[in-house]
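J.: The structure under discussion is supplied below as C-alpha cells; questions concerning it will follow.
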Amino acid sequence: MNNPVDEKAGLRLSPAGAARVEALVAQYPTKASALMPCIWVIMDEVGYVSEAGVDFLTEKLELTRARVHEVLSFYTMFRTEPQAEYTLQVCHNISCHIMGARPIIAHLEKRLGIRLGETTPDGKFALEGVECLGACGLGPCLQLGKHLYEHLTPQKTDDLLDSLRKGVVPRADTDREFPSGGETS
Ligand code: FES
C-alpha cells in the first residue's frame, strides 16, 4: 500500500493489482458494477484515489468522472489524497453517541495526543469523527479501512493502538470485503 502516484505517468498498479481489476471487470454483469471493488484495489495499493486513479477508473469502467467522484465522495472510507498510515474513523452519530462514542473519542485524543480531525506528527494516525457506519447496535464503533471494531471500550481501544503501533492490524469484529478476484486485505 501507499505506492507513490506519478500523476503525469498515470496510475500504475502492480501486476497483482492489475489482475484483480481485470478479474473484477469480467466478474460483474456491467463494468460500472465493478466500481467500488476496483476503488478498493487502488486503495489497497496506493492508499488513496488520485486524479490519475479517477482517470484509470473512467477508462477501465467506461464511466464519467462525475460518477467516479460521486462514489468517492459519498463513502467516508475512500480517500482522494494521501493519508495517515492508519485513519481511525469513530462514529459519532446518535446511536453510538448514546452508547459512549464521546468518551472513546476523548480517550483516543488523549492516547494519540491529537484532537479529532488531526493527524499525529509522525503521520501514523489520523482521528476522524464520521456519521453512521451502519452498525448502530454495535456501538461505539470505529472503522479502519474495511475493518470495523465494535463495542469499543478504553481497553479495546488501547489494544488496537498498541497493535497498530507494531504494524499489525488486529482481527476486526466485522470485515467489509468485496469480491475482488484475489487478495482483499
Ligand atoms: S450511529 Fe454509529 S453506526 Fe450507526
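Going by the C-alpha cells order, chains are called A, B, ..., each with residues numbered from 1, while ligands are numbered from 1 in the order shown.
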Report as a list in words which protein, DNA and RNA residues come within 9 Å of ligand 1, using only C-alpha atoms and all ligand atoms.

T.: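 Based on only C-alpha atoms and all ligand atoms, ligand 1 is surrounded within 9 Å by Val90, Cys91, His92, Asn93, Ile94, Ser95, Cys96, His97, Ile98, Met99, Ala101, Val130, Glu131, Cys132, Leu133, Gly134, Ala135, Cys136, Gly137, Leu138, Gly139, Pro140, Cys141 and Leu142 of chain A.
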
J.: Only N, CA and C atoms, please: the residues just picked out, written as a CSV table (one decimal), in the first residue's frame.

T.:
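The resulting file, result19.csv, is shown below:
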```
chain,number,residue,atom,x,y,z
A,90,VAL,N,-14.2,7.3,13.9
A,90,VAL,CA,-15.1,6.9,15.0
A,90,VAL,C,-16.4,7.5,14.7
A,91,CYS,N,-17.4,6.6,14.8
A,91,CYS,CA,-18.8,7.1,14.5
A,91,CYS,C,-19.3,7.9,15.7
A,92,HIS,N,-19.8,9.1,15.4
A,92,HIS,CA,-20.3,10.0,16.5
A,92,HIS,C,-21.7,10.3,16.2
A,93,ASN,N,-22.4,9.5,15.5
A,93,ASN,CA,-23.8,9.7,15.2
A,93,ASN,C,-24.6,9.3,16.5
A,94,ILE,N,-25.9,9.4,16.4
A,94,ILE,CA,-26.8,9.4,17.6
A,94,ILE,C,-26.7,8.1,18.4
A,95,SER,N,-26.8,6.9,17.7
A,95,SER,CA,-26.8,5.7,18.5
A,95,SER,C,-25.4,5.4,19.2
A,96,CYS,N,-24.4,5.7,18.4
A,96,CYS,CA,-23.0,5.5,19.0
A,96,CYS,C,-22.8,6.5,20.1
A,97,HIS,N,-23.3,7.7,19.9
A,97,HIS,CA,-23.2,8.8,20.9
A,97,HIS,C,-23.8,8.3,22.2
A,98,ILE,N,-25.0,7.8,22.1
A,98,ILE,CA,-25.7,7.3,23.3
A,98,ILE,C,-24.9,6.2,24.0
A,99,MET,N,-24.3,5.4,23.1
A,99,MET,CA,-23.6,4.2,23.7
A,99,MET,C,-22.1,4.5,24.1
A,101,ALA,N,-19.7,7.0,22.5
A,101,ALA,CA,-18.7,7.4,21.5
A,101,ALA,C,-17.8,8.6,22.0
A,130,VAL,N,-17.0,10.4,12.2
A,130,VAL,CA,-17.8,10.2,11.0
A,130,VAL,C,-19.3,9.9,11.3
A,131,GLU,N,-20.1,10.0,10.3
A,131,GLU,CA,-21.5,9.7,10.5
A,131,GLU,C,-21.7,8.2,10.5
A,132,CYS,N,-23.0,7.8,10.7
A,132,CYS,CA,-23.3,6.4,10.9
A,132,CYS,C,-22.6,5.4,10.0
A,133,LEU,N,-22.0,4.4,10.6
A,133,LEU,CA,-21.3,3.4,9.8
A,133,LEU,C,-22.1,2.2,9.6
A,134,GLY,N,-23.4,2.3,9.9
A,134,GLY,CA,-24.3,1.1,9.6
A,134,GLY,C,-24.1,0.0,10.6
A,135,ALA,N,-23.7,0.3,11.8
A,135,ALA,CA,-23.6,-0.7,12.8
A,135,ALA,C,-24.1,-0.2,14.1
A,136,CYS,N,-25.3,0.4,14.0
A,136,CYS,CA,-25.8,1.2,15.1
A,136,CYS,C,-26.0,0.4,16.4
A,137,GLY,N,-26.3,-0.9,16.3
A,137,GLY,CA,-26.5,-1.7,17.5
A,137,GLY,C,-25.2,-2.2,18.1
A,138,LEU,N,-24.1,-1.8,17.5
A,138,LEU,CA,-22.8,-2.4,17.9
A,138,LEU,C,-21.8,-1.3,18.4
A,139,GLY,N,-22.3,-0.1,18.7
A,139,GLY,CA,-21.5,1.0,19.1
A,139,GLY,C,-21.1,0.9,20.5
A,140,PRO,N,-20.1,1.8,20.9
A,140,PRO,CA,-19.5,2.7,19.9
A,140,PRO,C,-18.5,1.9,19.0
A,141,CYS,N,-18.4,2.4,17.8
A,141,CYS,CA,-17.6,1.6,16.8
A,141,CYS,C,-16.7,2.5,16.0
A,142,LEU,N,-15.7,1.9,15.4
A,142,LEU,CA,-14.6,2.6,14.8
A,142,LEU,C,-14.3,1.8,13.5
```

J.: At a cut-off of 10 Å, using only C-alpha atoms, what residues contact range 63-72 of chain A? Leave out same-chain residues fewer than 2 positions from it and give the result as a compact mmCIF listing (two decimals) with C-alpha atoms, in the first residue's frame.

T.:
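selection.txt, written as the output of this step:
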```
# COMPACT_ATOMS: atom_id res chain seq x y z
CA LYS A 31 -18.35 -2.71 -15.95
CA ALA A 32 -19.96 0.01 -13.84
CA LEU A 35 -16.53 0.45 -9.47
CA MET A 36 -16.43 0.07 -5.70
CA ILE A 39 -11.65 1.54 -5.93
CA TYR A 48 -5.95 6.86 -1.97
CA VAL A 49 -7.54 7.53 -5.35
CA GLU A 51 -6.93 12.12 -10.25
CA GLY A 53 -6.82 6.89 -10.28
CA VAL A 54 -10.02 8.57 -11.42
CA ASP A 55 -8.68 8.60 -14.99
CA LEU A 57 -11.38 4.08 -13.43
CA THR A 58 -13.20 6.17 -16.02
CA GLU A 59 -11.30 4.49 -18.84
CA LYS A 60 -11.38 0.97 -17.48
CA LEU A 61 -15.05 1.02 -16.45
CA PHE A 74 -20.07 9.59 -0.67
CA TYR A 75 -18.22 6.91 1.28
CA THR A 76 -16.03 8.11 4.13
CA MET A 77 -13.63 5.17 3.83
CA PHE A 78 -12.50 6.24 0.37
CA ARG A 79 -9.72 8.81 0.09
CA THR A 80 -8.64 11.15 -2.69
```

J.: Using only C-alpha atoms, find the one residue out of A:Pro29, A:Pro103, A:Pro154, A:Gly17 that sits nearest to Ile42 in chain A.

T.: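 Ranking A:Pro29, A:Pro103, A:Pro154, A:Gly17 by distance to Ile42 in chain A, first place goes to A:Gly17.
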
J.: Would you work out the distance separating CA of Arg102 in chain A from CA of Thr119 in chain A, expressed in Å to one decimal?

T.: 18.5 Å

J.: Fewer than 6 positions away in the same chain doesn't count, so skip those; otherwise give me all residues within 12 Å of Lys110 in chain A, counting only C-alpha atoms, as a PDB file with N, CA and C atoms, in the first residue's frame.

T.:
```
ATOM      1  N   PRO A 103     -16.747   9.478  25.101  1.00  0.00           N
ATOM      2  CA  PRO A 103     -15.603   9.091  25.936  1.00  0.00           C
ATOM      3  C   PRO A 103     -14.532   8.314  25.171  1.00  0.00           C
ATOM      4  N   ILE A 104     -14.955   7.527  24.176  1.00  0.00           N
ATOM      5  CA  ILE A 104     -13.960   6.800  23.373  1.00  0.00           C
ATOM      6  C   ILE A 104     -13.133   7.785  22.549  1.00  0.00           C
ATOM      7  N   LEU A 116      -9.725  15.462  17.429  1.00  0.00           N
ATOM      8  CA  LEU A 116     -10.492  14.933  16.302  1.00  0.00           C
ATOM      9  C   LEU A 116     -10.217  15.786  15.053  1.00  0.00           C
ATOM     10  N   THR A 120      -1.323  12.616  13.700  1.00  0.00           N
ATOM     11  CA  THR A 120      -0.138  12.667  14.560  1.00  0.00           C
ATOM     12  C   THR A 120       1.057  13.176  13.750  1.00  0.00           C
ATOM     13  N   LEU A 127      -7.290  10.865  13.226  1.00  0.00           N
ATOM     14  CA  LEU A 127      -8.503  10.598  14.006  1.00  0.00           C
ATOM     15  C   LEU A 127      -9.647  11.419  13.432  1.00  0.00           C
ATOM     16  N   PRO A 154     -12.312   1.611  26.479  1.00  0.00           N
ATOM     17  CA  PRO A 154     -10.941   2.157  26.520  1.00  0.00           C
ATOM     18  C   PRO A 154      -9.896   1.050  26.374  1.00  0.00           C
ATOM     19  N   THR A 157      -9.723  -0.142  22.827  1.00  0.00           N
ATOM     20  CA  THR A 157      -9.103   0.907  22.023  1.00  0.00           C
ATOM     21  C   THR A 157      -7.586   0.909  22.228  1.00  0.00           C
ATOM     22  N   ASP A 158      -7.165   0.743  23.470  1.00  0.00           N
ATOM     23  CA  ASP A 158      -5.723   0.681  23.752  1.00  0.00           C
ATOM     24  C   ASP A 158      -5.084  -0.511  23.043  1.00  0.00           C
TER      25      ASP A 158
END
```

J.: Run DSSP on the backbone and tell me which residues of range 112-161 of chain A come out as alpha helix (DSSP H); list them as a list in words.

T.: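 Residues meeting the alpha helix (DSSP H) criterion: Leu112, Pro154, Gln155, Lys156, Thr157, Asp158, Asp159, Leu160 and Leu161 of chain A.
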
J.: Write out as a list in words each polymer residue whose atoms come within 12 Å of Gly145 in chain A, counting only C-alpha atoms; drop sequence neighbours fewer than 5 positions from it.

T.: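 Contacts, with the query itself left out: Trp40, Met43, Asp44, Gly47, Tyr48, Tyr75, Thr76, Met77, Phe78, Arg79, Gln83, Ala84, Glu85, Tyr86, Thr87, Leu88, Gln89, Val90, Leu133, Val169, Ala172, Thr174, Asp175, Arg176, Glu177, Thr184 and Ser185 of chain A.
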
J.: Output C-alpha atoms of each residue in that selection to a file, as a JSON list (two decimals), in the first residue's frame.

T.:
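The resulting file, result34.json, is shown below:
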```
[["chain", "number", "residue", "atom", "x", "y", "z"],
["A", 40, "TRP", "CA", -10.62, -0.83, -3.16],
["A", 43, "MET", "CA", -6.92, 1.99, -2.08],
["A", 44, "ASP", "CA", -5.08, -1.21, -1.19],
["A", 47, "GLY", "CA", -3.78, 4.32, -0.15],
["A", 48, "TYR", "CA", -5.95, 6.86, -1.97],
["A", 75, "TYR", "CA", -18.22, 6.91, 1.28],
["A", 76, "THR", "CA", -16.03, 8.11, 4.13],
["A", 77, "MET", "CA", -13.63, 5.17, 3.83],
["A", 78, "PHE", "CA", -12.50, 6.24, 0.37],
["A", 79, "ARG", "CA", -9.72, 8.81, 0.09],
["A", 83, "GLN", "CA", -3.49, 9.92, 4.28],
["A", 84, "ALA", "CA", -2.04, 8.82, 7.56],
["A", 85, "GLU", "CA", -0.89, 5.25, 7.77],
["A", 86, "TYR", "CA", -3.92, 4.45, 9.92],
["A", 87, "THR", "CA", -7.06, 6.59, 9.75],
["A", 88, "LEU", "CA", -9.33, 5.84, 12.68],
["A", 89, "GLN", "CA", -12.90, 6.87, 11.93],
["A", 90, "VAL", "CA", -15.07, 6.91, 15.01],
["A", 133, "LEU", "CA", -21.26, 3.40, 9.84],
["A", 169, "VAL", "CA", -3.95, -4.69, 12.10],
["A", 172, "ALA", "CA", -11.76, -6.88, 13.32],
["A", 174, "THR", "CA", -16.51, -7.17, 11.06],
["A", 175, "ASP", "CA", -14.60, -7.02, 7.79],
["A", 176, "ARG", "CA", -16.33, -5.41, 4.89],
["A", 177, "GLU", "CA", -14.85, -7.15, 1.94],
["A", 184, "THR", "CA", -8.57, -8.39, -0.31],
["A", 185, "SER", "CA", -6.78, -7.45, 2.90]]
```

J.: My list of candidates is A:His107, A:Leu152, A:Ala52, A:Leu164. Which is closest to Glu81 in chain A when distances are computed with only C-alpha atoms?

T.: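 Looking at the shortest contact to Glu81 in chain A, the residue is A:Ala52.
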